[in-house]
Protein chains: 2
Amino acid sequence: MQDPDGTRRDILEVASREFALNGLSGARIDEIAARTRSSKRMIYYYFGDKEGLYLRALENAYRLVREGEAKLDTEGLPPMDALRRLVEFTFDHHHQHEEFIRMVMIENIHNGQYLDRSEAIRELNVTAIDHIAEIYERGVADVVFRPGIDPVELHWQVSALCFFNVSNRATFSKIFGRDFGAQEQLARLRGNTVDMVLRFVARADSLPDD
Amino acid sequence: MQDPDGTRRDILEVASREFALNGLSGARIDEIAARTRSSKRMIYYYFGDKEGLYLRALENAYRLVREGEAKLDTEGLPPMDALRRLVEFTFDHHHQHEEFIRMVMIENIHNGQYLDRSEAIRELNVTAIDHIAEIYERGVADVVFRPGIDPVELHWQVSALCFFNVSNRATFSKIFGRDFGAQEQLARLRGNTVDMVLRFVARADSLPDD
DNA sequence: GGAAATGTGTACGAAATAGTTAGTTTAGTC
DNA sequence: GACTAAACTAACTATTTCGTACACATTTCC
């Protein structure tokens with residue numbers, strides 16, 4: 001029984017795990033081959049070479065995460081609630097997709113040169129900003145958000161807070177002798193992040209008094 | 001003419017650059033050796049093995065950055081101005097030490113296992129929190145900051161915003177087709193970051209109206 | 001039925017790579 | 001000036017690692 005799609009997928013899943021774990025140069029083709037149900041020969045058959053395999057793994061990571069993001073629904077919510085939901089969702093989503101975070105870290109170490117080569121990833125990301133932009137504009141129109149903020153920059157700030165929580169957990173935890181992955185600690189960071197973003201965007205008169 | 005300290009330093013500087021550029025597995029001992037004024041044999045003579053060299057490079061990166069941080073002076077400034085200065089300084093400092101940022105990214109890919117082995121780094125970092133804690137507590141006492149924020153968590157938020165700006169610039173720029181390293185763009189992100197932190201910490205009645 | 005695509009398995013080659021062996025030179029000390 | 005330990009050099013080794021060659025089997029599609 002032949003199953004080209006299944007074989008490709010099997011290889012890609014194993015490779016994604018290995019690359020996310022060890023980086024591009026750290027991952028071993030022989031190791032990946034051994035962990036698949038297939039063989040080294042088939043890796044080269046389908047993906048050409050190591051870099052080709054890495055590129056597909058990177059594309060796959062972006063695709064999976066963008067598909068997950070599409071599940072966020074804030075329709076009908078007032079802007080403040082919608083933004084809160086978006087931040088909470090982003091925080092949780094990053095937390096749940098550590099493999100993706102690691103791939104992005106690795107790709108940044110490579111200065112984004114593989115992302116550069118991938119049309120597929122660029123296409124995936126063009127609409128990544130639409131959701132937050134829509135919420136923000138609604139909030140400005142409703143006079144609950146202050147005007148003059150660039151949605152891309154707002155997205156940048158949200159990403160920074162949510163990404164760092166996963167990407168730098170190891171060093172941060174070790175330096176401050178505190179487990180930043182622990183349940184209650186995570187809940188506090190999540191709350192801080194939501195607060196921070198809402199306070200950044202909200203008009204002063206829309207904030208609760210302290 | 002022999003110069004053990006100079007040789008060590010030369011090797012360490014070259015190695016730091018190579019590790020920051022290519023990661024632990026990506027960096028090549030032969031390449032490092034070729035770029036030093038010394039030889040491969042001397043690398044092993046002074047640093048034992050590749051991991052030993054990496055560990056020293058990591059320690060050196062932390063030491064350099066912590067020494068730089070010590071130059072921040074906010075004495076005499078009112079808490080709000082002091083915090084503003086601290087955030088601006090942190091933002092600029094991260095921006096100026098890309099090699100350090102890359103080393104921390106790489107170390108996180110390795111789950112902080114080398115940092116774990118380094119007593120030197122743990123010692124360096126114990127006081128990293130003192131400055132921001134002092135400012136925050138002064139602000140609470142002056143009734144300009146809201147109470148109940150954990151200084152370590154505040155430091156975490158500041159770090160996230162400043163770190164991400166350097167660590168994820170490559171992928172972010174490529175995805176949004178905008179150069180996030182450009183002068184004016186950087187100035188805007190810096191301003192946003194300051195705003196965000198101040199608004200997070202400030203009491204509502206200490207904020208300007210919009 | 002025949003062609004094209006999919007698949008297995010092993011062995012191999014060539015380059016790259018971490019680390020070592022064996023020895024020499026230099027600087028300071030009695 | 002002989003001695004010693006640290007500093008240093010050059011050539012070498014063993015292994016890893018990517019990628020390929022080869023020889024062949026099976027399935028799928030027209």
# chains A, B, ... in the order shown; residues from 1 in each chain; ligands from 1
>>> closest_atom_pairs(of="chain A", to="chain D", cutoff="10 Å", atoms="only C-alpha atoms (C1' of nucleotides)", output="JSON lines")
{"residue": "A:Met1", "atom": "CA", "partner": "D:DT27", "partner_atom": "C1'", "distance": 6.9}
{"residue": "A:Gln2", "atom": "CA", "partner": "D:DT27", "partner_atom": "C1'", "distance": 6.3}
{"residue": "A:Asp3", "atom": "CA", "partner": "D:DT27", "partner_atom": "C1'", "distance": 9.6}
{"residue": "A:Arg28", "atom": "CA", "partner": "D:DT17", "partner_atom": "C1'", "distance": 7.8}
{"residue": "A:Ile29", "atom": "CA", "partner": "D:DC18", "partner_atom": "C1'", "distance": 7.7}
{"residue": "A:Asp30", "atom": "CA", "partner": "D:DT17", "partner_atom": "C1'", "distance": 8.3}
{"residue": "A:Lys40", "atom": "CA", "partner": "D:DG19", "partner_atom": "C1'", "distance": 9.9}
{"residue": "A:Arg41", "atom": "CA", "partner": "D:DT20", "partner_atom": "C1'", "distance": 9.4}
{"residue": "A:Tyr44", "atom": "CA", "partner": "D:DG19", "partner_atom": "C1'", "distance": 8.5}
{"residue": "A:Gly48", "atom": "CA", "partner": "D:DG19", "partner_atom": "C1'", "distance": 9.8}
{"residue": "A:Asp49", "atom": "CA", "partner": "D:DG19", "partner_atom": "C1'", "distance": 8.0}
{"residue": "A:Lys50", "atom": "CA", "partner": "D:DC18", "partner_atom": "C1'", "distance": 8.2}
>>> interface_residues(of="chain A", to="chain C", cutoff="12 Å", atoms="only C-alpha atoms (C1' of nucleotides)", output="list in words")
Met1, Gln2, Asp3, Pro4, Asp5, Gly6, Thr7, Arg8, Arg37, Ser38, Ser39, Lys40, Arg41, Met42, Ile43, Tyr45 and Tyr46 of chain A
>>> write_last_selection(atoms="C-alpha atoms", output="PDB file, in the first residue's frame")
ATOM      1  CA  MET A   1       0.000   0.000   0.000  1.00  0.00           C
ATOM      2  CA  GLN A   2       1.570   3.224  -1.170  1.00  0.00           C
ATOM      3  CA  ASP A   3       0.746   6.544   0.388  1.00  0.00           C
ATOM      4  CA  PRO A   4       2.832   9.435  -0.934  1.00  0.00           C
ATOM      5  CA  ASP A   5       0.913  12.102   0.993  1.00  0.00           C
ATOM      6  CA  GLY A   6       1.164  10.122   4.192  1.00  0.00           C
ATOM      7  CA  THR A   7       4.875   9.540   3.730  1.00  0.00           C
ATOM      8  CA  ARG A   8       5.491  13.208   3.052  1.00  0.00           C
ATOM      9  CA  ARG A  37       8.305   5.220   9.064  1.00  0.00           C
ATOM     10  CA  SER A  38      10.182   5.878   5.829  1.00  0.00           C
ATOM     11  CA  SER A  39      13.853   6.154   4.883  1.00  0.00           C
ATOM     12  CA  LYS A  40      16.591   8.663   4.191  1.00  0.00           C
ATOM     13  CA  ARG A  41      16.252   7.945   0.519  1.00  0.00           C
ATOM     14  CA  MET A  42      12.650   9.193   0.588  1.00  0.00           C
ATOM     15  CA  ILE A  43      13.602  12.419   2.335  1.00  0.00           C
ATOM     16  CA  TYR A  45      13.189  11.979  -3.018  1.00  0.00           C
ATOM     17  CA  TYR A  46      10.565  14.380  -1.713  1.00  0.00           C
TER      18      TYR A  46
END
>>> interface_residues(of="chain A", to="chain B", cutoff="8 Å", atoms="only C-alpha atoms", output="number ranges by chain")
A: 21-23, 25-26, 102, 104-112, 115-116, 122, 125-126, 146, 153, 157, 160-161, 163-165, 167-171, 174-176, 189, 193, 195-197, 199-200, 203-205, 207-210
>>> write_last_selection(atoms="C-alpha atoms", output="mmCIF file, in the first residue's frame")
data_model
loop_
_atom_site.group_PDB
_atom_site.id
_atom_site.type_symbol
_atom_site.label_atom_id
_atom_site.label_comp_id
_atom_site.auth_asym_id
_atom_site.auth_seq_id
_atom_site.Cartn_x
_atom_site.Cartn_y
_atom_site.Cartn_z
ATOM 1 C CA LEU A 21 14.478 20.864 18.904
ATOM 2 C CA ASN A 22 17.975 21.180 17.469
ATOM 3 C CA GLY A 23 18.019 23.923 14.869
ATOM 4 C CA SER A 25 22.599 22.690 11.718
ATOM 5 C CA GLY A 26 21.854 20.764 14.901
ATOM 6 C CA ARG A 102 11.181 27.650 18.358
ATOM 7 C CA VAL A 104 10.658 31.301 14.447
ATOM 8 C CA MET A 105 13.552 31.760 16.891
ATOM 9 C CA ILE A 106 15.723 29.535 14.751
ATOM 10 C CA GLU A 107 14.684 31.311 11.597
ATOM 11 C CA ASN A 108 15.580 34.647 13.179
ATOM 12 C CA ILE A 109 19.007 33.283 14.019
ATOM 13 C CA HIS A 110 19.279 32.682 10.282
ATOM 14 C CA ASN A 111 18.141 36.281 9.670
ATOM 15 C CA GLY A 112 14.945 35.131 8.033
ATOM 16 C CA LEU A 115 11.375 32.793 5.087
ATOM 17 C CA ASP A 116 12.594 35.100 2.338
ATOM 18 C CA ARG A 122 4.385 35.532 2.749
ATOM 19 C CA ASN A 125 0.731 36.272 6.601
ATOM 20 C CA VAL A 126 -0.780 39.076 4.593
ATOM 21 C CA ARG A 146 -7.253 56.564 21.645
ATOM 22 C CA GLU A 153 2.747 48.320 15.733
ATOM 23 C CA GLN A 157 3.570 44.853 20.942
ATOM 24 C CA ALA A 160 6.382 40.683 21.730
ATOM 25 C CA LEU A 161 4.696 40.032 25.056
ATOM 26 C CA PHE A 163 6.237 35.430 22.141
ATOM 27 C CA PHE A 164 8.787 36.243 24.811
ATOM 28 C CA ASN A 165 6.766 34.305 27.335
ATOM 29 C CA SER A 167 10.868 31.946 23.791
ATOM 30 C CA ASN A 168 12.774 33.161 26.843
ATOM 31 C CA ARG A 169 11.188 31.108 29.544
ATOM 32 C CA ALA A 170 14.254 28.905 30.061
ATOM 33 C CA THR A 171 16.824 31.631 30.682
ATOM 34 C CA LYS A 174 16.909 30.089 35.645
ATOM 35 C CA ILE A 175 18.105 33.630 36.227
ATOM 36 C CA PHE A 176 15.318 34.587 38.586
ATOM 37 C CA LEU A 189 1.768 37.034 33.217
ATOM 38 C CA THR A 193 -0.165 41.228 29.314
ATOM 39 C CA ASP A 195 -3.750 44.788 31.231
ATOM 40 C CA MET A 196 -0.769 46.242 29.508
ATOM 41 C CA VAL A 197 -2.275 46.137 26.055
ATOM 42 C CA ARG A 199 -4.149 50.274 29.101
ATOM 43 C CA PHE A 200 -1.972 51.143 26.140
ATOM 44 C CA ARG A 203 -8.536 56.284 26.528
ATOM 45 C CA ALA A 204 -7.781 57.383 30.070
ATOM 46 C CA ASP A 205 -11.472 57.935 30.786
ATOM 47 C CA LEU A 207 -9.953 52.908 32.403
ATOM 48 C CA PRO A 208 -11.096 51.822 35.827
ATOM 49 C CA ASP A 209 -9.823 53.945 38.714
ATOM 50 C CA ASP A 210 -7.173 52.321 40.903
#
>>> atom_distance(atom1="atom CA of Val14 of chain A", atom2="atom CA of Glu69 of chain A")
23.1 Å
>>> select_by_dssp(residues="segment 52-184 of chain A", states="alpha helix (DSSP H)", output="PyMOL selection string")
chain A and resi 52-69+79-96+98-109+113-117+119-125+130-141+151-167+169-176+183-184
>>> atom_distance(atom1="atom CA of Leu186 of chain B", atom2="atom CA of Ala133 of chain A")
20.5 Å
>>> atom_distance(atom1="atom CA of Asp179 of chain B", atom2="atom CA of Leu64 of chain A")
25.7 Å
